[in-house]
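Printed here is coords34.csv (CSV, C-alpha atoms):
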chain,number,residue,atom,x,y,z
A,1,MET,CA,212.0,88.7,246.7
A,2,SER,CA,211.6,84.9,246.4
A,3,VAL,CA,208.2,83.4,245.6
A,4,PRO,CA,206.8,81.3,248.4
A,5,ARG,CA,207.2,77.6,247.9
A,6,SER,CA,204.0,75.5,248.1
A,7,VAL,CA,203.5,73.1,251.1
A,8,ALA,CA,203.5,70.1,248.8
A,9,VAL,CA,206.8,71.1,247.1
A,10,HIS,CA,208.5,71.7,250.4
A,11,ARG,CA,207.3,68.5,251.9
A,12,GLN,CA,208.7,66.6,248.8
A,13,ALA,CA,212.0,68.4,249.3
A,14,VAL,CA,212.2,67.2,253.0
A,15,MET,CA,211.4,63.6,251.9
A,16,GLU,CA,214.2,63.8,249.3
A,17,LEU,CA,216.6,65.2,252.0
A,18,LEU,CA,215.9,62.2,254.3
A,19,ALA,CA,215.7,59.4,251.7
A,20,GLY,CA,219.5,58.7,251.5
A,21,VAL,CA,219.9,58.7,255.3
A,22,ALA,CA,217.1,56.2,255.9
A,23,ILE,CA,218.6,53.7,253.4
A,24,THR,CA,222.0,53.6,255.1
A,25,LYS,CA,220.9,53.2,258.7
A,26,GLY,CA,220.5,49.4,258.7
A,27,ASN,CA,218.3,47.4,261.0
A,28,GLN,CA,218.4,46.3,264.7
A,29,SER,CA,216.8,43.4,266.6
A,30,VAL,CA,214.7,44.5,269.6
A,31,PRO,CA,212.3,42.8,272.1
A,32,LEU,CA,208.8,42.8,270.8
A,33,LEU,CA,207.4,45.6,273.0
A,34,GLN,CA,210.2,47.9,272.0
A,35,ALA,CA,209.0,47.6,268.4
A,36,LEU,CA,205.6,49.1,269.1
A,37,GLY,CA,204.7,51.6,266.4
A,38,LYS,CA,207.8,50.8,264.4
A,39,PRO,CA,207.9,49.4,260.8
A,40,LEU,CA,209.0,45.8,260.3
A,41,ALA,CA,212.4,45.6,258.6
A,42,ALA,CA,212.0,42.3,256.7
A,43,ASP,CA,209.4,39.8,255.8
A,44,ILE,CA,208.6,37.3,258.5
A,45,TYR,CA,207.5,33.7,257.6
A,46,ALA,CA,205.7,31.6,260.1
A,47,PRO,CA,208.1,29.2,261.9
A,48,LEU,CA,205.1,27.0,262.9
A,49,SER,CA,201.4,26.7,262.1
A,50,LEU,CA,198.8,28.4,264.1
A,51,PRO,CA,197.1,26.7,265.8
A,52,PRO,CA,200.1,24.3,266.1
A,53,PHE,CA,197.7,21.4,266.7
A,54,ALA,CA,194.0,20.7,266.3
A,55,ASN,CA,192.2,22.0,269.4
A,56,SER,CA,188.7,22.4,270.9
A,57,GLN,CA,186.7,25.5,270.3
A,58,MET,CA,184.4,24.7,273.1
A,59,ASP,CA,184.2,23.1,276.5
A,60,GLY,CA,182.6,19.7,275.7
A,61,PHE,CA,183.2,16.2,274.7
A,62,ALA,CA,185.7,15.1,272.1
A,63,VAL,CA,184.2,12.3,270.1
A,64,ARG,CA,184.5,10.1,266.9
A,65,SER,CA,181.5,11.5,264.9
A,66,GLN,CA,180.9,8.0,263.5
A,67,ASP,CA,180.2,6.7,267.0
A,68,ILE,CA,177.0,8.7,267.2
A,69,PRO,CA,174.1,7.8,264.9
A,70,SER,CA,171.4,10.3,263.9
A,71,SER,CA,169.3,9.3,267.0
A,72,GLY,CA,172.2,10.1,269.4
A,73,ALA,CA,174.2,7.7,271.5
A,74,GLU,CA,175.5,7.0,275.0
A,75,LEU,CA,179.3,6.9,275.1
A,76,ARG,CA,181.5,6.0,278.0
A,77,VAL,CA,183.5,8.9,279.4
A,78,THR,CA,187.3,8.6,279.4
A,79,ALA,CA,190.0,10.7,281.0
A,80,PRO,CA,189.5,14.5,280.7
A,81,VAL,CA,191.7,16.6,278.4
A,82,PRO,CA,192.7,19.9,280.1
A,83,ALA,CA,194.4,22.6,278.1
A,84,GLY,CA,198.1,22.1,277.9
A,85,ALA,CA,197.9,18.3,278.1
A,86,ALA,CA,198.9,15.7,275.5
A,87,PRO,CA,196.0,13.3,275.5
A,88,ALA,CA,196.0,9.6,274.8
A,89,PRO,CA,194.2,8.5,271.6
A,90,LEU,CA,190.5,8.3,271.8
A,91,LYS,CA,189.1,4.7,271.6
A,92,PRO,CA,185.9,3.9,269.7
A,93,GLY,CA,182.8,4.3,271.8
A,94,PHE,CA,184.4,6.7,274.2
A,95,ALA,CA,184.0,10.5,274.8
A,96,ALA,CA,186.7,12.6,276.3
A,97,PRO,CA,185.8,15.7,278.4
A,98,ILE,CA,187.8,18.5,276.8
A,99,MET,CA,188.4,22.1,277.6
A,100,THR,CA,188.5,25.1,275.2
A,101,GLY,CA,192.0,25.2,273.6
A,102,ALA,CA,192.9,21.7,274.6
A,103,MET,CA,194.4,19.3,272.0
A,104,ILE,CA,192.0,17.1,270.2
A,105,PRO,CA,192.9,13.4,270.9
A,106,GLU,CA,194.0,11.3,268.0
A,107,GLY,CA,191.0,9.6,266.6
A,108,ALA,CA,188.5,12.3,267.6
A,109,ASP,CA,187.1,14.5,264.9
A,110,ALA,CA,184.4,16.6,266.6
A,111,VAL,CA,183.4,18.3,269.8
A,112,VAL,CA,179.9,18.2,271.3
A,113,PRO,CA,179.4,21.3,273.6
A,114,ILE,CA,178.8,20.5,277.2
A,115,GLU,CA,175.4,22.2,277.2
A,116,LYS,CA,174.2,19.7,274.5
A,117,ALA,CA,175.2,16.7,276.6
A,118,ASN,CA,173.0,14.8,279.1
A,119,PRO,CA,173.9,15.4,281.8
A,120,SER,CA,175.1,18.9,280.8
A,121,SER,CA,178.1,18.8,283.2
A,122,PHE,CA,181.4,17.1,283.4
A,123,PRO,CA,181.7,14.1,285.8
A,124,GLU,CA,184.2,14.2,288.6
A,125,PRO,CA,187.7,13.4,287.2
A,126,ALA,CA,188.0,10.3,289.5
A,127,ALA,CA,184.6,8.9,288.5
A,128,THR,CA,184.6,5.6,286.6
A,129,ASP,CA,182.1,3.8,284.3
A,130,VAL,CA,180.3,7.1,283.6
A,131,LEU,CA,178.0,7.3,280.5
A,132,VAL,CA,177.0,10.5,278.7
A,133,GLU,CA,174.2,10.9,276.2
A,134,LEU,CA,175.3,12.9,273.2
A,135,PRO,CA,173.5,14.1,270.0
A,136,PRO,CA,174.8,13.5,266.5
A,137,VAL,CA,177.6,15.8,265.4
A,138,ALA,CA,179.3,16.4,262.0
A,139,PRO,CA,183.0,15.8,261.5
A,140,GLY,CA,185.0,19.0,262.2
A,141,THR,CA,182.4,20.6,264.5
A,142,TYR,CA,184.0,22.9,267.0
A,143,VAL,CA,187.5,21.8,266.0
A,144,ARG,CA,190.1,24.4,265.2
A,145,ASN,CA,192.4,22.6,262.8
A,146,SER,CA,196.1,23.0,262.8
A,147,GLY,CA,197.1,25.9,260.5
A,148,SER,CA,193.6,27.2,260.2
A,149,ASP,CA,195.0,30.6,261.2
A,150,ILE,CA,198.3,30.5,259.4
A,151,GLU,CA,200.3,27.6,257.9
A,152,LYS,CA,204.0,27.0,258.7
A,153,GLY,CA,206.2,28.7,256.1
A,154,SER,CA,203.6,31.2,254.8
A,155,MET,CA,204.2,34.9,255.1
A,156,ALA,CA,203.1,36.2,258.5
A,157,LEU,CA,203.9,39.9,258.1
A,158,ALA,CA,205.4,41.8,255.2
A,159,ALA,CA,208.4,44.2,255.5
A,160,GLY,CA,207.2,47.7,256.2
A,161,THR,CA,204.2,46.6,258.3
A,162,LEU,CA,203.6,49.0,261.2
A,163,LEU,CA,203.8,46.9,264.3
A,164,GLY,CA,200.8,47.5,266.5
A,165,PRO,CA,199.4,45.4,269.3
A,166,ALA,CA,197.8,42.9,266.9
A,167,GLN,CA,201.0,42.4,264.9
A,168,LEU,CA,203.2,42.0,268.0
A,169,GLY,CA,200.6,39.5,269.4
A,170,LEU,CA,200.9,37.5,266.2
A,171,LEU,CA,204.7,37.4,266.5
A,172,ALA,CA,204.5,36.3,270.1
A,173,ALA,CA,202.0,33.6,269.1
A,174,LEU,CA,204.6,32.4,266.6
A,175,GLY,CA,207.1,32.1,269.4
A,176,LEU,CA,209.3,35.1,268.4
A,177,ALA,CA,210.8,37.1,271.3
A,178,THR,CA,212.5,39.7,269.1
A,179,VAL,CA,211.9,41.4,265.8
A,180,ASP,CA,214.0,43.4,263.3
A,181,ILE,CA,213.2,47.1,262.8
A,182,PRO,CA,215.1,49.9,261.1
A,183,GLN,CA,217.5,51.7,263.3
A,184,PRO,CA,215.9,55.0,264.4
A,185,LEU,CA,217.2,58.2,262.9
A,186,ARG,CA,219.2,60.2,265.4
A,187,VAL,CA,218.3,63.9,265.4
A,188,LEU,CA,220.1,66.8,267.0
A,189,LEU,CA,217.5,69.3,268.3
A,190,VAL,CA,218.7,72.8,269.0
A,191,THR,CA,216.6,75.7,270.3
A,192,THR,CA,217.9,79.2,269.9
A,193,GLY,CA,217.5,82.6,271.3
A,194,ASP,CA,218.9,85.0,273.9
A,195,GLU,CA,215.3,85.4,275.2
A,196,VAL,CA,214.6,81.8,276.2
A,197,VAL,CA,215.6,80.0,279.3
A,198,GLU,CA,215.2,76.4,280.4
A,199,PRO,CA,212.0,75.5,282.4
A,200,GLY,CA,212.9,75.6,286.1
A,201,GLU,CA,215.4,78.4,285.8
A,202,GLU,CA,214.8,81.9,287.0
A,203,LEU,CA,212.7,84.0,284.7
A,204,THR,CA,214.1,87.5,284.5
A,205,ALA,CA,212.8,90.5,282.7
A,206,GLY,CA,212.4,90.0,278.9
A,207,LYS,CA,212.9,86.2,279.1
A,208,ILE,CA,210.5,83.4,278.3
A,209,PHE,CA,210.7,79.7,279.1
A,210,ASP,CA,211.7,77.4,276.2
A,211,SER,CA,208.6,75.4,275.2
A,212,ASN,CA,209.9,74.4,271.8
A,213,GLY,CA,212.5,72.0,273.0
A,214,THR,CA,209.9,70.0,275.0
A,215,LEU,CA,207.2,70.3,272.3
A,216,LEU,CA,209.5,69.1,269.5
A,217,GLU,CA,211.4,66.4,271.5
A,218,ALA,CA,208.1,64.9,272.6
A,219,SER,CA,206.8,65.0,269.0
A,220,MET,CA,210.0,63.5,267.7
A,221,ARG,CA,210.2,60.7,270.2
A,222,GLN,CA,206.5,59.9,269.6
A,223,ALA,CA,207.4,59.6,265.9
A,224,GLY,CA,210.2,57.1,266.7
A,225,LEU,CA,213.3,59.4,266.5
A,226,ASP,CA,216.3,59.2,268.8
A,227,VAL,CA,216.6,62.8,270.0
A,228,VAL,CA,219.8,64.5,271.2
A,229,ARG,CA,219.4,67.8,272.9
A,230,SER,CA,222.2,70.4,273.1
A,231,GLY,CA,220.5,72.9,275.4
A,232,ILE,CA,219.6,76.4,274.3
A,233,SER,CA,222.0,78.2,271.9
A,234,ASP,CA,222.3,82.0,272.3
A,235,ASP,CA,222.1,84.5,269.5
A,236,HIS,CA,225.8,84.4,268.7
A,237,PRO,CA,226.5,82.6,265.4
A,238,ALA,CA,229.8,81.2,266.7
A,239,SER,CA,228.0,79.5,269.6
A,240,LEU,CA,225.6,77.8,267.3
A,241,LEU,CA,228.3,76.8,264.9
A,242,ALA,CA,230.3,75.2,267.8
A,243,VAL,CA,227.3,73.1,268.8
A,244,LEU,CA,226.7,71.9,265.2
A,245,GLN,CA,230.4,71.2,264.7
A,246,GLN,CA,230.5,69.2,267.9
A,247,HIS,CA,227.8,66.8,266.8
A,248,THR,CA,228.8,66.5,263.1
A,249,ARG,CA,232.6,66.5,263.0
A,250,GLN,CA,234.4,63.3,262.2
A,251,GLY,CA,234.9,61.2,265.4
A,252,GLY,CA,232.2,63.3,267.2
A,253,PRO,CA,228.7,62.2,268.3
A,254,ALA,CA,227.0,61.0,265.1
A,255,VAL,CA,223.6,62.4,264.2
A,256,ASP,CA,221.5,61.7,261.1
A,257,LEU,CA,219.5,65.0,261.1
A,258,ILE,CA,219.7,68.5,262.6
A,259,VAL,CA,216.6,70.4,263.5
A,260,THR,CA,216.8,74.0,264.9
A,261,THR,CA,214.0,76.3,266.0
A,262,GLY,CA,214.1,80.0,265.7
A,263,GLY,CA,216.5,82.3,263.8
A,264,VAL,CA,215.3,81.6,260.2
A,265,SER,CA,213.3,84.7,259.4
A,266,LYS,CA,214.6,88.0,258.0
A,267,GLY,CA,215.1,89.9,261.3
A,268,ALA,CA,218.3,91.5,262.6
A,269,TYR,CA,219.3,88.7,264.9
A,270,GLU,CA,218.5,85.5,262.9
A,271,VAL,CA,221.2,83.4,264.3
A,272,VAL,CA,220.6,80.3,262.3
A,273,ARG,CA,220.7,82.2,259.0
A,274,GLN,CA,223.9,84.0,260.1
A,275,ALA,CA,225.6,80.8,261.4
A,276,LEU,CA,224.9,78.8,258.2
A,277,ALA,CA,225.8,81.5,255.7
A,278,GLY,CA,228.2,79.8,253.3
A,279,HIS,CA,226.8,76.3,253.9
A,280,PRO,CA,224.5,74.6,251.5
A,281,VAL,CA,221.3,75.6,253.3
A,282,ASP,CA,218.4,77.5,251.7
A,283,PHE,CA,216.2,79.8,253.8
A,284,LEU,CA,213.0,80.3,252.0
A,285,PRO,CA,209.3,81.2,252.5
A,286,VAL,CA,206.7,78.5,252.3
A,287,ALA,CA,203.1,79.5,251.5
A,288,MET,CA,201.8,78.4,254.9
A,289,GLN,CA,200.5,80.1,258.1
A,290,PRO,CA,201.9,79.6,260.7
A,291,GLY,CA,205.4,78.3,259.9
A,292,GLY,CA,206.2,80.2,256.7
A,293,PRO,CA,209.9,80.7,257.1
A,294,GLN,CA,211.8,77.5,256.7
A,295,GLY,CA,215.4,76.3,256.3
A,296,LEU,CA,216.5,73.2,254.4
A,297,GLY,CA,219.9,71.9,253.4
A,298,THR,CA,223.0,70.2,254.9
A,299,PHE,CA,225.6,71.0,257.4
A,300,ASN,CA,228.9,69.0,257.2
A,301,GLY,CA,226.9,66.5,255.1
A,302,VAL,CA,224.1,66.1,257.7
A,303,PRO,CA,220.6,66.9,256.6
A,304,PHE,CA,219.4,70.2,258.2
A,305,LEU,CA,215.9,71.5,258.8
A,306,GLY,CA,215.4,75.0,260.3
A,307,PHE,CA,211.9,75.6,261.8
A,308,PRO,CA,210.6,79.0,263.0
A,309,GLY,CA,210.8,79.9,266.7
A,310,ASN,CA,207.2,80.4,267.7
A,311,PRO,CA,205.9,77.3,269.4
A,312,VAL,CA,202.9,76.7,267.2
A,313,SER,CA,204.9,77.4,264.1
A,314,CYS,CA,207.6,74.9,265.0
A,315,LEU,CA,205.0,72.2,265.8
A,316,VAL,CA,203.0,72.8,262.6
A,317,SER,CA,206.3,72.6,260.7
A,318,PHE,CA,207.0,69.3,262.2
A,319,GLU,CA,203.5,68.0,261.5
A,320,MET,CA,203.4,69.3,257.9
A,321,PHE,CA,206.9,68.4,256.8
A,322,LEU,CA,209.1,66.2,259.0
A,323,ARG,CA,206.5,63.8,260.3
A,324,PRO,CA,205.0,63.0,256.9
A,325,ALA,CA,208.5,62.6,255.4
A,326,LEU,CA,209.3,60.1,258.1
A,327,SER,CA,206.1,58.2,257.4
A,328,GLU,CA,207.0,58.0,253.7
A,329,VAL,CA,210.7,57.4,253.9
A,330,VAL,CA,211.2,55.4,257.1
A,331,GLY,CA,207.7,53.8,257.2
A,332,ALA,CA,206.8,55.2,260.7
A,333,PRO,CA,205.1,56.8,262.3
A,334,ALA,CA,201.7,56.1,260.9
A,335,PRO,CA,200.2,59.1,259.0
A,336,ARG,CA,197.9,61.2,261.0
A,337,PRO,CA,194.2,60.1,260.6
A,338,VAL,CA,192.5,62.4,258.1
A,339,GLN,CA,188.8,63.1,258.1
A,340,LYS,CA,186.3,65.7,257.1
A,341,ALA,CA,184.5,68.0,259.5
A,342,ARG,CA,182.2,70.9,259.4
A,343,LEU,CA,183.2,74.3,260.8
A,344,ALA,CA,181.3,75.5,263.9
A,345,GLU,CA,182.1,79.1,263.0
A,346,ALA,CA,183.0,81.1,259.9
A,347,LEU,CA,186.8,81.6,259.2
A,348,THR,CA,189.0,83.8,257.1
A,349,SER,CA,192.4,82.9,255.8
A,350,PRO,CA,195.1,84.9,254.0
A,351,GLY,CA,195.1,84.6,250.3
A,352,GLY,CA,197.8,82.4,248.8
A,353,LYS,CA,198.7,80.6,252.0
A,354,HIS,CA,197.8,77.2,253.3
A,355,GLN,CA,196.5,78.0,256.8
A,356,VAL,CA,196.7,75.4,259.6
A,357,ARG,CA,194.4,76.2,262.5
A,358,ARG,CA,194.0,74.3,265.8
A,359,GLY,CA,190.6,72.9,266.7
A,360,THR,CA,188.6,70.4,268.8
A,361,LEU,CA,186.5,67.9,266.9
A,362,ALA,CA,183.2,67.1,268.6
A,363,GLY,CA,181.4,63.8,268.4
A,364,ASN,CA,178.9,65.2,265.9
A,365,GLY,CA,181.6,65.9,263.3
A,366,THR,CA,181.8,69.6,264.0
A,367,ILE,CA,185.2,71.3,264.5
A,368,HIS,CA,185.5,74.2,267.0
A,369,MET,CA,188.5,76.5,266.7
A,370,GLU,CA,190.8,76.8,269.7
A,371,GLY,CA,192.3,80.3,269.8
A,372,GLY,CA,193.1,82.4,266.8
A,373,ALA,CA,195.6,82.0,264.0
A,374,GLY,CA,198.5,83.3,266.2
A,375,SER,CA,201.6,81.2,266.3
A,376,HIS,CA,202.2,81.8,270.0
A,377,LEU,CA,199.0,80.3,271.4
A,378,VAL,CA,200.4,77.3,273.3
A,379,HIS,CA,197.4,77.0,275.6
A,380,ALA,CA,195.0,76.8,272.6
A,381,LEU,CA,197.3,74.2,271.1
A,382,ALA,CA,197.1,72.2,274.2
A,383,ARG,CA,193.3,72.2,274.1
A,384,ALA,CA,193.2,71.1,270.5
A,385,ASN,CA,192.8,67.5,269.2
A,386,ALA,CA,193.1,68.3,265.5
A,387,LEU,CA,194.8,70.5,262.9
A,388,VAL,CA,192.4,72.2,260.6
A,389,HIS,CA,193.5,72.8,257.0
A,390,ILE,CA,192.4,75.7,254.9
A,391,PRO,CA,194.0,75.4,251.4
A,392,ALA,CA,195.9,78.2,249.7
A,393,GLY,CA,193.4,80.2,247.6
A,394,VAL,CA,190.6,79.8,250.1
A,395,THR,CA,190.1,83.1,251.9
A,396,GLU,CA,186.6,82.7,253.5
A,397,LEU,CA,184.7,79.8,254.9
A,398,THR,CA,181.2,79.9,256.3
A,399,ALA,CA,180.0,78.1,259.4
A,400,GLY,CA,179.1,74.5,258.3
A,401,ALA,CA,181.7,74.5,255.5
A,402,GLU,CA,183.5,71.2,255.2
A,403,VAL,CA,187.2,71.1,255.9
A,404,GLU,CA,190.0,68.5,256.2
A,405,VAL,CA,191.3,67.8,259.7
A,406,TRP,CA,194.3,65.8,260.9
A,407,MET,CA,193.7,64.2,264.2
A,408,LEU,CA,196.5,64.7,266.8
Final structure tokens representation of the file:
Amino acid sequence: MSVPRSVAVHRQAVMELLAGVAITKGNQSVPLLQALGKPLAADIYAPLSLPPFANSQMDGFAVRSQDIPSSGAELRVTAPVPAGAAPAPLKPGFAAPIMTGAMIPEGADAVVPIEKANPSSFPEPAATDVLVELPPVAPGTYVRNSGSDIEKGSMALAAGTLLGPAQLGLLAALGLATVDIPQPLRVLLVTTGDEVVEPGEELTAGKIFDSNGTLLEASMRQAGLDVVRSGISDDHPASLLAVLQQHTRQGGPAVDLIVTTGGVSKGAYEVVRQALAGHPVDFLPVAMQPGGPQGLGTFNGVPFLGFPGNPVSCLVSFEMFLRPALSEVVGAPAPRPVQKARLAEALTSPGGKHQVRRGTLAGNGTIHMEGGAGSHLVHALARANALVHIPAGVTELTAGAEVEVWML
């Protein structure tokens, strides 16, 4: 009987399995919004400065600071400077009405806010021979200098940066319409079992609807994978082998990873174990509950992961092994936010196993369990917003005990 592998050791094995694939995939250029949540493939240097020109931080009057003595001065008002205009140089003794974001006229070096002017309002654009009384102002006041955000030629974003709204906004401000990201890994997802049917089909005696396919495909797509579904494979090894051969044979549809659900335990009809007998795939226990039985190896040279068939087990397997491996090897998705919480109720856990429970984290930092430890509790999973971790070796926790949680 094999000794269960630790969660950490198995996670490292999954990372090593994926490492070679990620290196060979290459990059692709996509529109900015299609890169949301993806890692940047290469360093980006600013093609221009931001701001690209000195502009006003306030609605007010652009002035030459030396035109206003310490006692203040009356200056003649010249043509206004709206945002988006290229203004004429500012002559000595004049003040130009200027809008926030508008270009500072040549010769001006400061902006007096409109509320500090007398009168504290802009004259009509067609008005002539208008004077405005302004207080003294230091050079540079309310002026956003060119390059004060980023200088042309400096690094804007480093390779590997996860592209969120702020990062994509920066690229747009730099005038970039596309960005290079790694090509997504393409995964073949196969659910197995004579007992499962597709949602929407007739549910006859002894059958259940397949939730694993939807559960895992949604998780994989959210993590940035390109998912290929083959439908449900029955419990005949030859049927499963035919599906795997179809997607991995030379000249067939290329996939970078195979993930199956079900058929990896030690029962009489473990179709995945039977189909992959003779292939370089290990089926082994991991010291984790749920999700203990796992498969790992290659099929026709393609990395293979076999997850258990119970819905919670397969999701926990994804969250504990595949998702962290993608974060480490590919650079996306972002790791799950980790925080500490206090148990609302006492818990027990089997000795020697890392237990992963589902819970709802309240605003006061207390975590409430959703359902029991069973791996079939899909409704409880749907109510949860966090995974609760009870390390191997911890068998009892009292209410109020501190635990680590991963936010979903």
Task: Pick from A:Gly93, A:Gly84, A:Gly371, A:Gly60, whichever lies nearest to A:Pro119 using all atoms listed in the file - done: A:Gly60
- [ ] Counting only C-alpha atoms, figure out which residue out of A:His236, A:His368, A:His376, A:Lys353 gets nearest to A:Leu315.
- [x] A:His376
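Between A:Leu131 and the residues A:Val7, A:Ala96, A:Ala386, A:Ala362, the shortest atom-to-atom distance, using only C-alpha atoms, involves A:Ala96.
Interatomic distance, atom CA of A:Thr100 against atom CA of A:Ala138: 18.3 Å.
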- [ ] Identify, on the basis of all atoms listed in the file, every residue whose closest approach to A:Leu189 does not exceed 8 Å; exclude the query and any residue fewer than 4 positions from it along the same chain; express the result as a PyMOL selection string.
- [x] chain A and resi 213+217+227-230+258-260
